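J.: File name run-v8.cif; file contents mmCIF, N, CA and C atoms; full text below.
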```
data_structure
#
loop_
_atom_site.label_atom_id
_atom_site.label_comp_id
_atom_site.auth_asym_id
_atom_site.auth_seq_id
_atom_site.Cartn_x
_atom_site.Cartn_y
_atom_site.Cartn_z
N MET Z 99 4.72 -24.25 -1.26
CA MET Z 99 5.93 -23.46 -1.34
C MET Z 99 7.11 -24.36 -1.06
N ASN Z 100 8.18 -24.09 -1.68
CA ASN Z 100 9.44 -24.78 -1.50
C ASN Z 100 9.97 -24.47 -0.11
N HIS Z 101 10.38 -25.46 0.67
CA HIS Z 101 10.85 -25.20 2.03
C HIS Z 101 12.36 -25.31 2.18
N ASP Z 102 13.09 -25.38 1.08
CA ASP Z 102 14.54 -25.44 1.18
C ASP Z 102 15.17 -24.07 0.96
N ASN Z 103 14.41 -23.00 1.24
CA ASN Z 103 14.86 -21.62 1.13
C ASN Z 103 15.21 -21.19 -0.29
N LYS Z 104 14.75 -21.91 -1.28
CA LYS Z 104 14.93 -21.49 -2.67
C LYS Z 104 13.56 -21.38 -3.30
N LEU Z 105 13.34 -20.29 -3.99
CA LEU Z 105 12.07 -20.09 -4.66
C LEU Z 105 12.10 -20.72 -6.04
N SER Z 106 11.00 -21.34 -6.42
CA SER Z 106 10.88 -21.85 -7.78
C SER Z 106 10.67 -20.66 -8.72
N PHE Z 107 10.79 -20.91 -10.01
CA PHE Z 107 10.57 -19.85 -10.99
C PHE Z 107 9.15 -19.30 -10.87
N ALA Z 108 8.17 -20.18 -10.69
CA ALA Z 108 6.77 -19.73 -10.57
C ALA Z 108 6.58 -18.84 -9.34
N GLU Z 109 7.23 -19.19 -8.22
CA GLU Z 109 7.13 -18.36 -7.02
C GLU Z 109 7.79 -17.01 -7.24
N LYS Z 110 8.96 -17.01 -7.86
CA LYS Z 110 9.64 -15.75 -8.16
C LYS Z 110 8.77 -14.88 -9.07
N LEU Z 111 8.17 -15.50 -10.08
CA LEU Z 111 7.31 -14.77 -11.01
C LEU Z 111 6.09 -14.21 -10.28
N GLY Z 112 5.48 -15.01 -9.44
CA GLY Z 112 4.30 -14.57 -8.69
C GLY Z 112 4.61 -13.40 -7.77
N TYR Z 113 5.67 -13.50 -6.98
CA TYR Z 113 6.04 -12.41 -6.08
C TYR Z 113 6.46 -11.18 -6.88
N GLY Z 114 7.16 -11.40 -7.98
CA GLY Z 114 7.58 -10.28 -8.83
C GLY Z 114 6.41 -9.55 -9.44
N MET Z 115 5.40 -10.30 -9.88
CA MET Z 115 4.21 -9.66 -10.46
C MET Z 115 3.43 -8.90 -9.39
N GLY Z 116 3.38 -9.45 -8.20
CA GLY Z 116 2.72 -8.73 -7.10
C GLY Z 116 3.43 -7.43 -6.78
N ASP Z 117 4.75 -7.48 -6.75
CA ASP Z 117 5.53 -6.28 -6.48
C ASP Z 117 5.38 -5.27 -7.62
N ALA Z 118 5.32 -5.76 -8.85
CA ALA Z 118 5.12 -4.87 -10.00
C ALA Z 118 3.77 -4.17 -9.93
N ALA Z 119 2.74 -4.90 -9.55
CA ALA Z 119 1.40 -4.30 -9.43
C ALA Z 119 1.40 -3.21 -8.35
N CYS Z 120 2.01 -3.51 -7.21
CA CYS Z 120 2.10 -2.49 -6.16
C CYS Z 120 2.89 -1.28 -6.65
N GLY Z 121 3.96 -1.55 -7.37
CA GLY Z 121 4.79 -0.46 -7.90
C GLY Z 121 4.06 0.42 -8.89
N ILE Z 122 3.23 -0.19 -9.73
CA ILE Z 122 2.47 0.59 -10.71
C ILE Z 122 1.49 1.52 -10.00
N VAL Z 123 0.78 0.99 -9.02
CA VAL Z 123 -0.17 1.82 -8.27
C VAL Z 123 0.58 2.92 -7.52
N TYR Z 124 1.65 2.55 -6.84
CA TYR Z 124 2.41 3.53 -6.05
C TYR Z 124 2.98 4.62 -6.96
N SER Z 125 3.51 4.24 -8.11
CA SER Z 125 4.05 5.22 -9.05
C SER Z 125 2.95 6.14 -9.57
N SER Z 126 1.80 5.58 -9.86
CA SER Z 126 0.67 6.40 -10.32
C SER Z 126 0.26 7.41 -9.25
N VAL Z 127 0.23 6.96 -8.02
CA VAL Z 127 -0.13 7.86 -6.92
C VAL Z 127 0.90 8.97 -6.79
N THR Z 128 2.18 8.63 -6.79
CA THR Z 128 3.20 9.66 -6.60
C THR Z 128 3.28 10.62 -7.78
N MET Z 129 2.98 10.15 -8.98
CA MET Z 129 3.07 11.02 -10.16
C MET Z 129 1.83 11.87 -10.37
N PHE Z 130 0.64 11.34 -10.09
CA PHE Z 130 -0.58 12.00 -10.52
C PHE Z 130 -1.50 12.49 -9.40
N LEU Z 131 -1.33 12.03 -8.18
CA LEU Z 131 -2.35 12.31 -7.17
C LEU Z 131 -2.42 13.79 -6.79
N THR Z 132 -1.28 14.47 -6.68
CA THR Z 132 -1.33 15.89 -6.36
C THR Z 132 -2.11 16.65 -7.42
N TRP Z 133 -1.79 16.40 -8.67
CA TRP Z 133 -2.51 17.04 -9.78
C TRP Z 133 -4.00 16.68 -9.72
N PHE Z 134 -4.30 15.40 -9.51
CA PHE Z 134 -5.69 14.95 -9.47
C PHE Z 134 -6.47 15.66 -8.36
N TYR Z 135 -5.88 15.68 -7.15
CA TYR Z 135 -6.58 16.29 -6.02
C TYR Z 135 -6.78 17.79 -6.19
N THR Z 136 -5.80 18.48 -6.77
CA THR Z 136 -5.92 19.94 -6.91
C THR Z 136 -6.72 20.35 -8.14
N ASP Z 137 -6.38 19.79 -9.30
CA ASP Z 137 -7.01 20.26 -10.55
C ASP Z 137 -8.33 19.57 -10.87
N ILE Z 138 -8.49 18.33 -10.50
CA ILE Z 138 -9.72 17.60 -10.82
C ILE Z 138 -10.70 17.64 -9.65
N TYR Z 139 -10.21 17.29 -8.47
CA TYR Z 139 -11.10 17.17 -7.30
C TYR Z 139 -11.34 18.51 -6.61
N GLY Z 140 -10.49 19.49 -6.85
CA GLY Z 140 -10.71 20.84 -6.34
C GLY Z 140 -10.22 21.12 -4.94
N LEU Z 141 -9.30 20.32 -4.42
CA LEU Z 141 -8.73 20.59 -3.11
C LEU Z 141 -7.61 21.61 -3.24
N SER Z 142 -7.35 22.35 -2.18
CA SER Z 142 -6.25 23.32 -2.22
C SER Z 142 -4.92 22.58 -2.14
N ALA Z 143 -3.91 23.17 -2.74
CA ALA Z 143 -2.57 22.57 -2.72
C ALA Z 143 -2.05 22.46 -1.29
N ALA Z 144 -2.35 23.45 -0.46
CA ALA Z 144 -1.91 23.41 0.94
C ALA Z 144 -2.54 22.24 1.68
N ALA Z 145 -3.83 22.03 1.47
CA ALA Z 145 -4.52 20.92 2.14
C ALA Z 145 -3.96 19.58 1.69
N VAL Z 146 -3.68 19.46 0.40
CA VAL Z 146 -3.11 18.22 -0.13
C VAL Z 146 -1.71 18.00 0.43
N GLY Z 147 -0.91 19.05 0.51
CA GLY Z 147 0.44 18.93 1.07
C GLY Z 147 0.42 18.48 2.52
N VAL Z 148 -0.47 19.06 3.31
CA VAL Z 148 -0.59 18.66 4.72
C VAL Z 148 -1.06 17.21 4.81
N MET Z 149 -2.00 16.83 3.96
CA MET Z 149 -2.48 15.45 3.95
C MET Z 149 -1.34 14.48 3.65
N PHE Z 150 -0.52 14.81 2.65
CA PHE Z 150 0.62 13.95 2.33
C PHE Z 150 1.60 13.87 3.50
N LEU Z 151 1.85 14.99 4.16
CA LEU Z 151 2.76 15.01 5.30
C LEU Z 151 2.23 14.15 6.44
N VAL Z 152 0.97 14.33 6.79
CA VAL Z 152 0.36 13.55 7.88
C VAL Z 152 0.43 12.06 7.57
N THR Z 153 0.10 11.71 6.33
CA THR Z 153 0.11 10.29 5.95
C THR Z 153 1.52 9.72 5.96
N ARG Z 154 2.51 10.49 5.54
CA ARG Z 154 3.90 10.01 5.55
C ARG Z 154 4.42 9.84 6.97
N VAL Z 155 4.03 10.73 7.88
CA VAL Z 155 4.43 10.58 9.28
C VAL Z 155 3.81 9.31 9.85
N LEU Z 156 2.54 9.10 9.57
CA LEU Z 156 1.88 7.86 9.99
C LEU Z 156 2.60 6.65 9.39
N ASP Z 157 3.01 6.76 8.14
CA ASP Z 157 3.72 5.68 7.46
C ASP Z 157 5.06 5.38 8.13
N ALA Z 158 5.74 6.42 8.61
CA ALA Z 158 7.01 6.22 9.30
C ALA Z 158 6.83 5.42 10.59
N ILE Z 159 5.65 5.50 11.17
CA ILE Z 159 5.35 4.74 12.39
C ILE Z 159 4.89 3.33 12.04
N THR Z 160 4.03 3.20 11.03
CA THR Z 160 3.45 1.89 10.72
C THR Z 160 4.41 0.94 10.01
N ASP Z 161 5.40 1.46 9.28
CA ASP Z 161 6.33 0.57 8.59
C ASP Z 161 7.07 -0.36 9.56
N PRO Z 162 7.78 0.17 10.57
CA PRO Z 162 8.46 -0.76 11.48
C PRO Z 162 7.50 -1.62 12.30
N LEU Z 163 6.36 -1.05 12.68
CA LEU Z 163 5.38 -1.85 13.43
C LEU Z 163 4.85 -3.01 12.60
N THR Z 164 4.62 -2.77 11.31
CA THR Z 164 4.16 -3.84 10.42
C THR Z 164 5.20 -4.94 10.33
N GLY Z 165 6.47 -4.56 10.22
CA GLY Z 165 7.53 -5.56 10.18
C GLY Z 165 7.59 -6.40 11.44
N ILE Z 166 7.44 -5.75 12.58
CA ILE Z 166 7.47 -6.47 13.86
C ILE Z 166 6.29 -7.44 13.95
N VAL Z 167 5.10 -6.95 13.63
CA VAL Z 167 3.90 -7.79 13.72
C VAL Z 167 3.98 -8.94 12.71
N ALA Z 168 4.40 -8.64 11.49
CA ALA Z 168 4.49 -9.69 10.46
C ALA Z 168 5.48 -10.78 10.86
N ASP Z 169 6.56 -10.41 11.51
CA ASP Z 169 7.52 -11.41 11.98
C ASP Z 169 6.92 -12.31 13.06
N ARG Z 170 5.98 -11.79 13.82
CA ARG Z 170 5.41 -12.55 14.94
C ARG Z 170 4.16 -13.33 14.58
N VAL Z 171 3.49 -12.95 13.50
CA VAL Z 171 2.28 -13.66 13.08
C VAL Z 171 2.69 -14.94 12.38
N LYS Z 172 2.17 -16.07 12.83
CA LYS Z 172 2.50 -17.35 12.21
C LYS Z 172 1.21 -18.05 11.85
N THR Z 173 1.03 -18.34 10.57
CA THR Z 173 -0.13 -19.08 10.11
C THR Z 173 0.35 -20.31 9.36
N ARG Z 174 -0.57 -21.11 8.92
CA ARG Z 174 -0.17 -22.30 8.16
C ARG Z 174 0.45 -21.92 6.82
N TRP Z 175 0.25 -20.67 6.38
CA TRP Z 175 0.85 -20.19 5.12
C TRP Z 175 2.17 -19.46 5.37
N GLY Z 176 2.60 -19.41 6.61
CA GLY Z 176 3.84 -18.74 6.95
C GLY Z 176 3.60 -17.39 7.61
N HIS Z 177 4.68 -16.65 7.73
CA HIS Z 177 4.61 -15.33 8.38
C HIS Z 177 4.09 -14.25 7.44
N PHE Z 178 4.48 -14.30 6.18
CA PHE Z 178 4.33 -13.14 5.31
C PHE Z 178 3.27 -13.28 4.21
N ARG Z 179 3.07 -14.48 3.69
CA ARG Z 179 2.09 -14.67 2.62
C ARG Z 179 0.68 -14.21 2.98
N PRO Z 180 0.20 -14.46 4.21
CA PRO Z 180 -1.16 -14.01 4.54
C PRO Z 180 -1.37 -12.51 4.35
N TRP Z 181 -0.35 -11.73 4.62
CA TRP Z 181 -0.48 -10.28 4.44
C TRP Z 181 -0.77 -9.95 2.97
N LEU Z 182 -0.12 -10.64 2.07
CA LEU Z 182 -0.35 -10.41 0.64
C LEU Z 182 -1.76 -10.81 0.27
N ILE Z 183 -2.21 -11.91 0.83
CA ILE Z 183 -3.56 -12.41 0.52
C ILE Z 183 -4.62 -11.50 1.13
N TRP Z 184 -4.44 -11.11 2.37
CA TRP Z 184 -5.45 -10.32 3.07
C TRP Z 184 -5.61 -8.91 2.51
N PHE Z 185 -4.53 -8.31 2.02
CA PHE Z 185 -4.59 -6.89 1.67
C PHE Z 185 -4.54 -6.60 0.18
N ALA Z 186 -4.44 -7.60 -0.67
CA ALA Z 186 -4.38 -7.35 -2.12
C ALA Z 186 -5.67 -6.73 -2.64
N VAL Z 187 -6.80 -7.30 -2.28
CA VAL Z 187 -8.09 -6.78 -2.78
C VAL Z 187 -8.39 -5.39 -2.18
N PRO Z 188 -8.24 -5.19 -0.86
CA PRO Z 188 -8.46 -3.83 -0.35
C PRO Z 188 -7.54 -2.79 -1.01
N TYR Z 189 -6.30 -3.18 -1.31
CA TYR Z 189 -5.37 -2.27 -1.98
C TYR Z 189 -5.89 -1.89 -3.36
N ALA Z 190 -6.38 -2.86 -4.11
CA ALA Z 190 -6.91 -2.59 -5.45
C ALA Z 190 -8.15 -1.71 -5.38
N VAL Z 191 -9.05 -2.02 -4.45
CA VAL Z 191 -10.28 -1.22 -4.31
C VAL Z 191 -9.94 0.21 -3.90
N LEU Z 192 -9.03 0.36 -2.96
CA LEU Z 192 -8.65 1.70 -2.51
C LEU Z 192 -7.92 2.48 -3.60
N ALA Z 193 -7.17 1.79 -4.45
CA ALA Z 193 -6.51 2.47 -5.56
C ALA Z 193 -7.54 3.12 -6.48
N VAL Z 194 -8.63 2.42 -6.74
CA VAL Z 194 -9.71 2.98 -7.56
C VAL Z 194 -10.42 4.09 -6.80
N MET Z 195 -10.73 3.86 -5.54
CA MET Z 195 -11.44 4.87 -4.74
C MET Z 195 -10.63 6.15 -4.59
N THR Z 196 -9.31 6.03 -4.51
CA THR Z 196 -8.46 7.21 -4.35
C THR Z 196 -8.58 8.14 -5.55
N PHE Z 197 -8.79 7.58 -6.72
CA PHE Z 197 -8.93 8.39 -7.94
C PHE Z 197 -10.39 8.53 -8.37
N THR Z 198 -11.31 8.43 -7.41
CA THR Z 198 -12.74 8.61 -7.68
C THR Z 198 -13.16 9.96 -7.09
N THR Z 199 -14.11 10.61 -7.73
CA THR Z 199 -14.50 11.95 -7.30
C THR Z 199 -15.97 12.02 -6.89
N PRO Z 200 -16.30 11.54 -5.69
CA PRO Z 200 -17.68 11.68 -5.24
C PRO Z 200 -18.02 13.15 -4.99
N GLU Z 201 -19.27 13.48 -5.16
CA GLU Z 201 -19.72 14.86 -4.99
C GLU Z 201 -20.04 15.14 -3.52
N PHE Z 202 -19.04 15.63 -2.82
CA PHE Z 202 -19.20 16.06 -1.43
C PHE Z 202 -18.94 17.56 -1.38
N GLY Z 203 -19.23 18.15 -0.24
CA GLY Z 203 -18.83 19.54 -0.01
C GLY Z 203 -17.32 19.60 0.19
N ALA Z 204 -16.79 20.80 0.39
CA ALA Z 204 -15.34 20.98 0.50
C ALA Z 204 -14.74 20.14 1.62
N SER Z 205 -15.34 20.18 2.81
CA SER Z 205 -14.77 19.39 3.91
C SER Z 205 -15.00 17.90 3.70
N GLY Z 206 -16.11 17.52 3.10
CA GLY Z 206 -16.35 16.11 2.79
C GLY Z 206 -15.34 15.56 1.81
N LYS Z 207 -14.98 16.37 0.82
CA LYS Z 207 -13.96 15.96 -0.15
C LYS Z 207 -12.61 15.74 0.53
N LEU Z 208 -12.28 16.64 1.45
CA LEU Z 208 -11.00 16.52 2.15
C LEU Z 208 -10.99 15.27 3.03
N VAL Z 209 -12.07 15.02 3.74
CA VAL Z 209 -12.16 13.81 4.58
C VAL Z 209 -12.05 12.56 3.70
N TYR Z 210 -12.75 12.56 2.58
CA TYR Z 210 -12.70 11.42 1.65
C TYR Z 210 -11.27 11.21 1.14
N ALA Z 211 -10.60 12.30 0.77
CA ALA Z 211 -9.22 12.19 0.28
C ALA Z 211 -8.30 11.64 1.38
N TYR Z 212 -8.43 12.16 2.60
CA TYR Z 212 -7.62 11.66 3.72
C TYR Z 212 -7.86 10.17 3.93
N LEU Z 213 -9.11 9.77 3.99
CA LEU Z 213 -9.43 8.36 4.25
C LEU Z 213 -8.89 7.45 3.16
N THR Z 214 -9.19 7.77 1.91
CA THR Z 214 -8.78 6.86 0.83
C THR Z 214 -7.27 6.83 0.68
N TYR Z 215 -6.62 7.98 0.73
CA TYR Z 215 -5.16 8.01 0.55
C TYR Z 215 -4.45 7.34 1.73
N THR Z 216 -4.87 7.65 2.93
CA THR Z 216 -4.23 7.05 4.11
C THR Z 216 -4.44 5.54 4.15
N LEU Z 217 -5.65 5.09 3.88
CA LEU Z 217 -5.90 3.64 3.86
C LEU Z 217 -5.15 2.96 2.72
N LEU Z 218 -5.04 3.63 1.57
CA LEU Z 218 -4.26 3.07 0.46
C LEU Z 218 -2.80 2.89 0.86
N MET Z 219 -2.23 3.89 1.51
CA MET Z 219 -0.83 3.80 1.92
C MET Z 219 -0.64 2.76 3.03
N LEU Z 220 -1.64 2.61 3.91
CA LEU Z 220 -1.56 1.56 4.92
C LEU Z 220 -1.59 0.18 4.27
N CYS Z 221 -2.48 -0.01 3.31
CA CYS Z 221 -2.51 -1.29 2.59
C CYS Z 221 -1.21 -1.54 1.86
N TYR Z 222 -0.63 -0.49 1.28
CA TYR Z 222 0.66 -0.63 0.61
C TYR Z 222 1.72 -1.10 1.61
N THR Z 223 1.73 -0.51 2.79
CA THR Z 223 2.65 -0.94 3.84
C THR Z 223 2.42 -2.39 4.22
N PHE Z 224 1.14 -2.76 4.40
CA PHE Z 224 0.81 -4.12 4.83
C PHE Z 224 1.12 -5.17 3.77
N ILE Z 225 1.28 -4.76 2.53
CA ILE Z 225 1.68 -5.68 1.46
C ILE Z 225 3.19 -5.62 1.24
N ASN Z 226 3.72 -4.41 1.15
CA ASN Z 226 5.10 -4.26 0.72
C ASN Z 226 6.13 -4.69 1.77
N ILE Z 227 5.90 -4.38 3.02
CA ILE Z 227 6.86 -4.78 4.07
C ILE Z 227 6.98 -6.31 4.13
N PRO Z 228 5.88 -7.07 4.22
CA PRO Z 228 6.02 -8.53 4.19
C PRO Z 228 6.58 -9.05 2.86
N LEU Z 229 6.23 -8.41 1.74
CA LEU Z 229 6.75 -8.85 0.45
C LEU Z 229 8.26 -8.70 0.39
N LEU Z 230 8.77 -7.60 0.89
CA LEU Z 230 10.22 -7.41 0.94
C LEU Z 230 10.86 -8.41 1.89
N ARG Z 231 10.19 -8.71 2.97
CA ARG Z 231 10.72 -9.66 3.96
C ARG Z 231 10.75 -11.09 3.40
N ILE Z 232 9.80 -11.44 2.55
CA ILE Z 232 9.81 -12.78 1.94
C ILE Z 232 11.09 -12.97 1.15
N GLY Z 233 11.43 -11.99 0.34
CA GLY Z 233 12.67 -12.09 -0.44
C GLY Z 233 13.89 -12.23 0.44
N ARG Z 234 13.93 -11.46 1.51
CA ARG Z 234 15.08 -11.52 2.42
C ARG Z 234 15.15 -12.88 3.11
N SER Z 235 14.02 -13.44 3.48
CA SER Z 235 14.04 -14.73 4.19
C SER Z 235 14.51 -15.86 3.27
N HIS Z 236 14.35 -15.69 1.97
CA HIS Z 236 14.77 -16.74 1.05
C HIS Z 236 16.20 -16.58 0.56
N TYR Z 237 16.77 -15.40 0.73
CA TYR Z 237 18.11 -15.16 0.20
C TYR Z 237 19.11 -14.77 1.27
N ALA Z 238 18.69 -14.66 2.52
CA ALA Z 238 19.60 -14.24 3.59
C ALA Z 238 20.49 -15.37 4.03
#
```
Can you turn what I pasted into structure tokens?
T.:
Amino acid sequence: MNHDNKLSFAEKLGYGMGDAACGIVYSSVTMFLTWFYTDIYGLSAAAVGVMFLVTRVLDAITDPLTGIVADRVKTRWGHFRPWLIWFAVPYAVLAVMTFTTPEFGASGKLVYAYLTYTLLMLCYTFINIPLLRIGRSHYA
């Protein structure tokens, strides 16, 4: 990586493509997941709404904490790049799992939906907060 606080074109392209991939998954989740959970997976709209609320409240707590921890973690790859490396594959796997329909009973389906959606949003936080911070550290 360039250490004079300027990103090369390849670095800009790489970070941009990573952000685009996260954006595509996040947009798909926000546009289709309610429909998927209610019409395909068979969960009630009320249960899905509560699940989204609980996960968003958790997200409001984990976003600033992730920023604080990412600022304090120092590796040979820097403060923020390891987060992208560590959580890219789990994010991709969870994106697929979130839109998968295993045959569980009603409560099993709800637990599965909570786990996959909440973990997906946590991985999104663990990627996106450091990714946004990388850009700020190079242009601030």
J.: Near stretch 191-205 of chain Z, within 7 Å and counting only C-alpha atoms, which residues show up once chain neighbours fewer than 6 positions away are dropped, as JSON, numbers by chain?
T.: {"Z": [123, 139, 211, 214, 215, 218]}
J.: Residues of the last selection are to be written out with N, CA and C atoms, as a compact mmCIF listing (two decimals), keeping the file's coordinate frame.
T.:
```txt
# COMPACT_ATOMS: atom_id res chain seq x y z
N VAL Z 123 0.78 0.99 -9.02
CA VAL Z 123 -0.17 1.82 -8.27
C VAL Z 123 0.58 2.92 -7.52
N TYR Z 139 -10.21 17.29 -8.47
CA TYR Z 139 -11.10 17.17 -7.30
C TYR Z 139 -11.34 18.51 -6.61
N ALA Z 211 -10.60 12.30 0.77
CA ALA Z 211 -9.22 12.19 0.28
C ALA Z 211 -8.30 11.64 1.38
N THR Z 214 -9.19 7.77 1.91
CA THR Z 214 -8.78 6.86 0.83
C THR Z 214 -7.27 6.83 0.68
N TYR Z 215 -6.62 7.98 0.73
CA TYR Z 215 -5.16 8.01 0.55
C TYR Z 215 -4.45 7.34 1.73
N LEU Z 218 -5.04 3.63 1.57
CA LEU Z 218 -4.26 3.07 0.46
C LEU Z 218 -2.80 2.89 0.86
```
J.: Which residues fall under the PyMOL selection byres (((chain Z and resi 169 and name CA) around 12) and name CA) in this file, as a count of residues only?
T.: 23
J.: Expand the PyMOL selection byres (((chain Z and resi 119 and name CA) around 12) and name CA) into the explicit residue set it covers here, and present it as a ChimeraX atom specification.
T.: /Z:112-118,120-126,182,186-187,189-190,193,222,225-226
J.: Mind pulling up the distance from atom C of Z:Leu213 to atom CA of Z:Ala143?
T.: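 We find that atom CA of Z:Ala143 and atom C of Z:Leu213 lie 17.4 Å from each other.
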J.: Please indicate the distance in Å from atom N of Z:Val152 to atom C of Z:Thr216, rounded to one decimal place.
T.: 10.7 Å
J.: Using only N, CA and C atoms for the distances, tell me which of Z:Asp161, Z:Trp175, Z:Phe224, Z:Leu141 is nearest to Z:Leu208.
T.: Z:Leu141
J.: Atom CA of Z:Pro188 to atom N of Z:Val146: how many Å, to one decimal?
T.: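 According to the coordinates, atom CA of Z:Pro188 and atom N of Z:Val146 are separated by 23.8 Å.
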